[in-house]
Amino acid sequence: VGAQNTVVYFDTDRYNIDAEDTRRLQVQAQYFSRYPQVTFTVEGHADERGTREYNLALGERRANAAKNYLVSLGIPATRIRTVSYGKERPVALGSNESAWAQNRRAASVVIN
């Protein structure tokens, strides 16, 4: 799939799938179509701003948005778990727009 295609990014307080996200999710769908035995988790994440509860809910909406798009491309929903980590697992440390932008994401992780 390529690491750059396993993650989709979101604007602040948003969980809509944009054009760049659709391209990345289409690459993921092609991969998962070729390997029908593979199950995976879509992890929803948020940046550090906002309450823990708000960010857990936002992460869940982000994970589900990515999952629903993959399902619309033909990947069976039974192969996809979703989980929200909210702001608990940042990939970028820092209190600035660059770090926040990297942390507002949904990441697909293969389970085996």
# chains A, B, ... in the order shown; residues from 1 in each chain; ligands from 1

call {"tool": "residues_around", "arguments": {"residues": "Val7 of chain A", "least_positions_apart": "5", "cutoff": "7 Å", "atoms": "only C-alpha atoms", "output": "MDAnalysis selection string"}}
result
chainID A and resid 105:108

call {"tool": "write_last_selection", "arguments": {"atoms": "N, CA, C and O atoms", "output": "compact mmCIF listing (two decimals), in the first residue's frame"}}
result
# COMPACT_ATOMS: atom_id res chain seq x y z
N ARG A 105 -6.08 12.45 12.07
CA ARG A 105 -5.93 11.43 11.06
C ARG A 105 -6.78 10.19 11.34
O ARG A 105 -7.26 10.00 12.46
N ALA A 106 -6.91 9.38 10.30
CA ALA A 106 -7.43 8.02 10.43
C ALA A 106 -6.39 7.13 9.76
O ALA A 106 -6.03 7.35 8.60
N ALA A 107 -5.89 6.16 10.50
CA ALA A 107 -4.82 5.28 10.00
C ALA A 107 -5.34 3.85 9.91
O ALA A 107 -5.94 3.34 10.85
N SER A 108 -5.08 3.22 8.77
CA SER A 108 -5.45 1.81 8.59
C SER A 108 -4.27 0.94 8.99
O SER A 108 -3.15 1.12 8.50

call {"tool": "residues_around", "arguments": {"residues": "Tyr69 of chain A", "least_positions_apart": "2", "cutoff": "10 Å", "atoms": "only C-alpha atoms", "output": "ChimeraX atom specification"}}
result
/A:17,21-22,25-26,29,64-67,71-75

call {"tool": "residues_around", "arguments": {"residues": "Thr41 of chain A", "least_positions_apart": "5", "cutoff": "6 Å", "atoms": "only C-alpha atoms", "output": "list in words"}}
result
Ile80, Arg81, Thr82, Ser108 and Val109 of chain A

call {"tool": "residues_around", "arguments": {"residues": "Thr39 of chain A", "least_positions_apart": "6", "cutoff": "10 Å", "atoms": "only C-alpha atoms", "output": "ChimeraX atom specification"}}
result
/A:32,76-81,109-112

call {"tool": "write_last_selection", "arguments": {"atoms": "N, CA and C atoms", "output": "PDB file, in the first residue's frame"}}
result
ATOM      1  N   PHE A  32      -6.615  -4.101  -0.316  1.00  0.00           N
ATOM      2  CA  PHE A  32      -7.447  -5.019   0.462  1.00  0.00           C
ATOM      3  C   PHE A  32      -8.286  -5.924  -0.428  1.00  0.00           C
ATOM      4  N   PRO A  76     -15.673  -5.511   2.402  1.00  0.00           N
ATOM      5  CA  PRO A  76     -16.706  -5.911   3.365  1.00  0.00           C
ATOM      6  C   PRO A  76     -16.483  -5.281   4.750  1.00  0.00           C
ATOM      7  N   ALA A  77     -17.538  -4.743   5.305  1.00  0.00           N
ATOM      8  CA  ALA A  77     -17.466  -4.105   6.623  1.00  0.00           C
ATOM      9  C   ALA A  77     -16.982  -5.083   7.693  1.00  0.00           C
ATOM     10  N   THR A  78     -17.228  -6.372   7.501  1.00  0.00           N
ATOM     11  CA  THR A  78     -16.815  -7.376   8.482  1.00  0.00           C
ATOM     12  C   THR A  78     -15.303  -7.493   8.595  1.00  0.00           C
ATOM     13  N   ARG A  79     -14.568  -6.964   7.630  1.00  0.00           N
ATOM     14  CA  ARG A  79     -13.095  -7.027   7.669  1.00  0.00           C
ATOM     15  C   ARG A  79     -12.487  -5.812   8.356  1.00  0.00           C
ATOM     16  N   ILE A  80     -13.309  -4.826   8.706  1.00  0.00           N
ATOM     17  CA  ILE A  80     -12.793  -3.551   9.196  1.00  0.00           C
ATOM     18  C   ILE A  80     -13.271  -3.271  10.617  1.00  0.00           C
ATOM     19  N   ARG A  81     -12.335  -3.152  11.533  1.00  0.00           N
ATOM     20  CA  ARG A  81     -12.631  -2.686  12.894  1.00  0.00           C
ATOM     21  C   ARG A  81     -12.361  -1.197  12.926  1.00  0.00           C
ATOM     22  N   VAL A 109      -4.534  -0.022   9.887  1.00  0.00           N
ATOM     23  CA  VAL A 109      -3.494  -0.886  10.431  1.00  0.00           C
ATOM     24  C   VAL A 109      -3.929  -2.333  10.232  1.00  0.00           C
ATOM     25  N   VAL A 110      -3.092  -3.116   9.561  1.00  0.00           N
ATOM     26  CA  VAL A 110      -3.408  -4.521   9.276  1.00  0.00           C
ATOM     27  C   VAL A 110      -3.316  -5.342  10.558  1.00  0.00           C
ATOM     28  N   ILE A 111      -4.274  -6.245  10.733  1.00  0.00           N
ATOM     29  CA  ILE A 111      -4.311  -7.179  11.872  1.00  0.00           C
ATOM     30  C   ILE A 111      -3.974  -8.556  11.327  1.00  0.00           C
ATOM     31  N   ASN A 112      -3.040  -9.241  11.952  1.00  0.00           N
ATOM     32  CA  ASN A 112      -2.775 -10.627  11.534  1.00  0.00           C
ATOM     33  C   ASN A 112      -2.495 -11.529  12.699  1.00  0.00           C
TER      34      ASN A 112
END

call {"tool": "residues_around", "arguments": {"residues": "segment 52-60 of chain A", "least_positions_apart": "2", "cutoff": "9 Å", "atoms": "only C-alpha atoms", "output": "PyMOL selection string"}}
result
chain A and resi 13-15+43-50+62-65+82-88+104-106

call {"tool": "select_by_dssp", "arguments": {"residues": "segment 43-111 of chain A", "states": "strand (DSSP E or B)", "output": "PyMOL selection string"}}
result
chain A and resi 43-45+80-86+105-111

call {"tool": "atom_distance", "arguments": {"atom1": "atom CA of Tyr31 of chain A", "atom2": "atom CA of Gln102 of chain A"}}
result
23.5 Å

call {"tool": "atom_distance", "arguments": {"atom1": "atom CA of Trp100 of chain A", "atom2": "atom CA of Val27 of chain A"}}
result
24.7 Å
